[in-house]
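K.L.:
Okay, here's the structure, questions in a sec.
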Amino acid sequence: MVQKHLKESTFIPDKTFPINVFYTNGIHLHWHDHMEWVMIKEGKAVVQIDDVFVHLKKGEIALFHPKQLHAAHVLEADTRLIAIVFNEAIIRNSGLDNTENLYFFPYFNEQIKMPNFLRKEDAHTKEIRKSISNLIDEFERKETGYELMVKSELYRTFSMIFRNYAYIEDVPASRIQKKYKLTTLLNYLRENFYESISVEEAAKMVNLSPNHFCKVFKKVTGKTLIEYLNILRVYEAEKMLAETDWSIMEIAEKVGYESVTYFGRVFKQVKGMPPSAKRKMFRQEEFKIGK
């Protein structure tokens with residue numbers, strides 16, 4: 001049985017206008033390269049971002065930044081969530097004006113501190129919620145010029161967040177169910193997936209004993225350390241199989257495996273097929289497109 005993976009290839013119908021809006025009654029634990037905003041339409045939910053768990057109610061908003069591990073679990077039967085997923089390409093302008101350098105470049109490089117949660121009682125949440133609602137309405141009706149209206153509401157929301165929340169701490173400690181200091185480690189693993197790391201080394205990075213670390217890491221990610229690392233490696237390997245002509249042995253080495261046999265076994269466990277079959281599938285898809 002193929003595992004439920006942590007990295008998700010989020011569905012965005014139009015790659016030339018990379019944004020999607022959908023309704024859901026829960027979000028499984030995962031992460032992706034896009035941004036995602038989730039508004040509680042009805043009911044209550046507990047939202048996880050990396051190692052932080054927070055209760056949100058109707059009218060409150062969670063802002064998931066790129067590569068953040070996140071999930072939302074409903075607490076009431078009638079809970080309904082609205083999610084907006086979008087790629088950074090829709091708001092970036094390739095440095096053609098100073099907004100790129102002043103705001104978005106520092107944001108994507110984590111130089112600007114941005115909030116993850118907007119509470120209903122916060123002074124500016126009402127206006128932000130209104131702007132997000134306008135965006136959703138335009139996206140759903142798709143009348144002439146809706147793309148421009150969607151982008152304008154994205155920029156309006158970002159401007160209000162930059163103006164009123166940037167540089168402010170995410171959430172008061174009293175509102176957090178339980179916090180473990182894993183964010184630095186998770187970021188390290190995503191950037192250095194090809195490096196070996198032991199449980200002892202990982203535990204030391206977050207100031208936990210190895211035994212306690214194993215319990216905490218499994219609680220936060222749903223995976224053991226080696227399972228999490230294997231998933232990161234396999235997804236990078238999958239991209240290499242699709243985009244390069246490197247041999248499977250070369251790819252195995254580049255993502256951190258000394259044994260190509262072990263790499264093949266892990267790849268099949270995660271993706272449900274060996275790397276050679278996956279590459280063949282990619283080549284067949286390319287051939288169909290090229291015909």
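Each chain of the structure tokens is named A, B, ... in the order shown, its residues numbered from 1; ligands are numbered from 1 in display order.
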I'd like the contact shell of segment 88-90 of chain A - 9 Å cut-off, only C-alpha atoms, skipping same-chain residues fewer than 6 positions apart - returned as an MDAnalysis selection string.
P.N.:
chainID A and resid 16:19 33:35 66 108 151
K.L.:
Mind dumping the selected residues with N, CA and C atoms as a compact mmCIF listing (two decimals), in the first residue's frame?
P.N.:
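Output below, filename out_34.txt:
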```txt
# COMPACT_ATOMS: atom_id res chain seq x y z
N THR A 16 -1.11 29.08 -16.26
CA THR A 16 -0.82 30.46 -16.65
C THR A 16 -1.45 31.47 -15.70
N PHE A 17 -2.35 30.99 -14.85
CA PHE A 17 -2.96 31.83 -13.80
C PHE A 17 -3.01 30.96 -12.55
N PRO A 18 -1.84 30.82 -11.86
CA PRO A 18 -1.65 29.78 -10.85
C PRO A 18 -2.32 30.04 -9.50
N ILE A 19 -3.63 29.85 -9.47
CA ILE A 19 -4.38 29.99 -8.22
C ILE A 19 -5.60 29.08 -8.29
N ASP A 33 5.07 23.75 -2.27
CA ASP A 33 5.85 24.95 -2.59
C ASP A 33 4.99 26.20 -2.77
N HIS A 34 3.67 26.04 -2.72
CA HIS A 34 2.77 27.18 -2.91
C HIS A 34 2.42 27.84 -1.59
N MET A 35 1.75 28.99 -1.67
CA MET A 35 1.14 29.62 -0.51
C MET A 35 -0.29 29.14 -0.42
N PRO A 66 5.09 29.13 1.98
CA PRO A 66 5.68 28.03 1.21
C PRO A 66 6.52 27.09 2.05
N PHE A 108 9.80 36.07 0.72
CA PHE A 108 10.13 34.73 0.27
C PHE A 108 11.50 34.27 0.79
N LYS A 151 -6.14 39.24 -8.70
CA LYS A 151 -4.80 39.73 -8.37
C LYS A 151 -4.87 40.98 -7.50
```
K.L.:
Quick check for you: according to DSSP on this backbone, which residues of segment 27-142 of chain A are classed as helix (DSSP H, G or I)? Reply as an NGL selection string.
P.N.:
:A and (88-90 or 98-108 or 125-141)
K.L.:
Selected residues, C-alpha atoms, written as a PDB file, in the first residue's frame, please.
P.N.:
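Output (out15.pdb):
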```
ATOM      1  CA  GLU A  88       4.308  33.065  -6.074  1.00  0.00           C
ATOM      2  CA  ALA A  89       4.400  33.738  -9.829  1.00  0.00           C
ATOM      3  CA  ILE A  90       0.963  35.344  -9.599  1.00  0.00           C
ATOM      4  CA  ASN A  98      10.320  48.340  -6.196  1.00  0.00           C
ATOM      5  CA  THR A  99       7.500  46.284  -4.603  1.00  0.00           C
ATOM      6  CA  GLU A 100       9.489  43.151  -5.434  1.00  0.00           C
ATOM      7  CA  ASN A 101      12.546  44.345  -3.505  1.00  0.00           C
ATOM      8  CA  LEU A 102      10.643  46.056  -0.702  1.00  0.00           C
ATOM      9  CA  TYR A 103       8.142  43.341   0.125  1.00  0.00           C
ATOM     10  CA  PHE A 104       8.048  40.045  -1.755  1.00  0.00           C
ATOM     11  CA  PHE A 105      11.772  39.314  -2.054  1.00  0.00           C
ATOM     12  CA  PRO A 106      12.291  39.714   1.734  1.00  0.00           C
ATOM     13  CA  TYR A 107       9.115  37.706   2.399  1.00  0.00           C
ATOM     14  CA  PHE A 108      10.135  34.727   0.268  1.00  0.00           C
ATOM     15  CA  THR A 125      -8.953  40.843  10.274  1.00  0.00           C
ATOM     16  CA  LYS A 126     -12.398  42.093   9.194  1.00  0.00           C
ATOM     17  CA  GLU A 127     -10.962  44.017   6.214  1.00  0.00           C
ATOM     18  CA  ILE A 128      -8.668  41.153   5.275  1.00  0.00           C
ATOM     19  CA  ARG A 129     -11.584  38.696   5.458  1.00  0.00           C
ATOM     20  CA  LYS A 130     -13.621  41.007   3.210  1.00  0.00           C
ATOM     21  CA  SER A 131     -10.825  41.160   0.644  1.00  0.00           C
ATOM     22  CA  ILE A 132     -10.406  37.365   0.673  1.00  0.00           C
ATOM     23  CA  SER A 133     -14.178  36.939   0.268  1.00  0.00           C
ATOM     24  CA  ASN A 134     -14.108  39.287  -2.736  1.00  0.00           C
ATOM     25  CA  LEU A 135     -11.282  37.230  -4.243  1.00  0.00           C
ATOM     26  CA  ILE A 136     -13.263  33.999  -3.805  1.00  0.00           C
ATOM     27  CA  ASP A 137     -16.382  35.550  -5.327  1.00  0.00           C
ATOM     28  CA  GLU A 138     -14.470  36.820  -8.394  1.00  0.00           C
ATOM     29  CA  PHE A 139     -12.716  33.477  -8.861  1.00  0.00           C
ATOM     30  CA  GLU A 140     -15.987  31.548  -8.720  1.00  0.00           C
ATOM     31  CA  ARG A 141     -17.982  33.837 -11.063  1.00  0.00           C
TER      32      ARG A 141
END
```
K.L.:
Near Thr183 of chain A, counting only C-alpha atoms, which residues have an atom at most 12 Å away, once you skip same-chain residues fewer than 3 positions from it, shown as a list in words?
P.N.:
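Counting only C-alpha atoms, the residues come to Ile49, Asp50, Asp51, Val52, Lys67, Gln68, Leu69, His70, Lys179, Tyr180, Leu186, Asn187, Tyr188, Leu189, Arg190, Ala202, Met205, Val206, Phe217, Val220 and Thr221 of chain A.
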K.L.:
Record the distance separating atom CA of Arg279 of chain A and atom CA of His32 of chain A, expressed in Å with one decimal.
P.N.:
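Straight-line distance from atom CA of Arg279 of chain A to atom CA of His32 of chain A works out to 22.3 Å.
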K.L.:
From the DSSP assignment of the backbone, select every residue of segment 78-282 of chain A that is strand (DSSP E or B), and format the answer as a list in words.
P.N.:
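Answer for segment 78-282 of chain A, restricted to strand (DSSP E or B): Arg80, Leu81, Ile82, Ala83, Ile84, Val85, Phe86, Phe117, Leu118, Ile176, Gln177, Lys178 and Lys179 of chain A.
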K.L.:
Save the residues we just selected, C-alpha atoms, as an mmCIF file, in the first residue's frame?
P.N.:
```cif
data_model
loop_
_atom_site.group_PDB
_atom_site.id
_atom_site.type_symbol
_atom_site.label_atom_id
_atom_site.label_comp_id
_atom_site.auth_asym_id
_atom_site.auth_seq_id
_atom_site.Cartn_x
_atom_site.Cartn_y
_atom_site.Cartn_z
ATOM 1 C CA ARG A 80 -16.433 24.189 6.578
ATOM 2 C CA LEU A 81 -13.140 25.644 5.369
ATOM 3 C CA ILE A 82 -12.307 27.698 2.285
ATOM 4 C CA ALA A 83 -8.773 27.274 0.916
ATOM 5 C CA ILE A 84 -6.946 29.499 -1.551
ATOM 6 C CA VAL A 85 -3.767 27.990 -3.001
ATOM 7 C CA PHE A 86 -1.520 30.063 -5.249
ATOM 8 C CA PHE A 117 -2.960 33.206 12.137
ATOM 9 C CA LEU A 118 -5.392 36.130 11.986
ATOM 10 C CA ILE A 176 -0.945 27.472 21.496
ATOM 11 C CA GLN A 177 -1.932 23.954 22.512
ATOM 12 C CA LYS A 178 1.588 22.595 22.414
ATOM 13 C CA LYS A 179 4.752 23.869 20.796
#
```
K.L.:
Nearest to Asn116 of chain A: which of A:Ile91, A:Asn192, A:Ser159, A:Val38 is it, counting only C-alpha atoms?
P.N.:
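Of the candidates, the smallest distance to Asn116 of chain A is held by A:Val38.
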K.L.:
Which polymer residues have any atom within 6 Å of an atom of segment 55-62 of chain A, counting only C-alpha atoms, with same-chain residues fewer than 6 positions away left out, as a list in words?
P.N.:
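Close residues of segment 55-62 of chain A: Trp37, Val38, Met39, Ile40, Lys41, Glu42, Gly43, Lys44, Ala45, Val46, Asn116, Phe117, Leu118, Arg119 and Lys120 of chain A.
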K.L.:
So that each row is one residue of segment 174-246 of chain A with an atom at most 10 Å from segment 258-265 of chain A, can you give its shortest atom pair and the distance in Å to one decimal, using only C-alpha atoms, rows by chain and rising number, as a Markdown table?
P.N.:
```
| residue | atom | partner | partner_atom | distance |
| --- | --- | --- | --- | --- |
| A:Asn230 | CA | A:Phe263 | CA | 9.1 |
| A:Arg233 | CA | A:Phe263 | CA | 9.4 |
| A:Val234 | CA | A:Phe263 | CA | 8.5 |
| A:Ala237 | CA | A:Phe263 | CA | 9.6 |
```
K.L.:
How would the residues just chosen look if you wrote them out with N, CA and C atoms as a PDB file, in the first residue's frame?
P.N.:
```pdb
ATOM      1  N   ASN A 230      13.293  10.024   3.767  1.00  0.00           N
ATOM      2  CA  ASN A 230      13.117   9.233   2.550  1.00  0.00           C
ATOM      3  C   ASN A 230      12.098   9.868   1.611  1.00  0.00           C
ATOM      4  N   ARG A 233      13.668  12.812  -0.148  1.00  0.00           N
ATOM      5  CA  ARG A 233      14.627  12.348  -1.156  1.00  0.00           C
ATOM      6  C   ARG A 233      13.926  11.780  -2.389  1.00  0.00           C
ATOM      7  N   VAL A 234      12.886  11.007  -2.162  1.00  0.00           N
ATOM      8  CA  VAL A 234      12.181  10.380  -3.283  1.00  0.00           C
ATOM      9  C   VAL A 234      11.514  11.430  -4.167  1.00  0.00           C
ATOM     10  N   ALA A 237      14.171  12.957  -6.232  1.00  0.00           N
ATOM     11  CA  ALA A 237      14.586  11.976  -7.243  1.00  0.00           C
ATOM     12  C   ALA A 237      13.561  11.905  -8.375  1.00  0.00           C
TER      13      ALA A 237
END
```
K.L.:
Using only C-alpha atoms, which of A:Met114, A:Glu227, A:Ser209, A:Val199 sits nearest Phe162 of chain A?
P.N.:
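For Phe162 of chain A, the nearest of the candidates is A:Met114.
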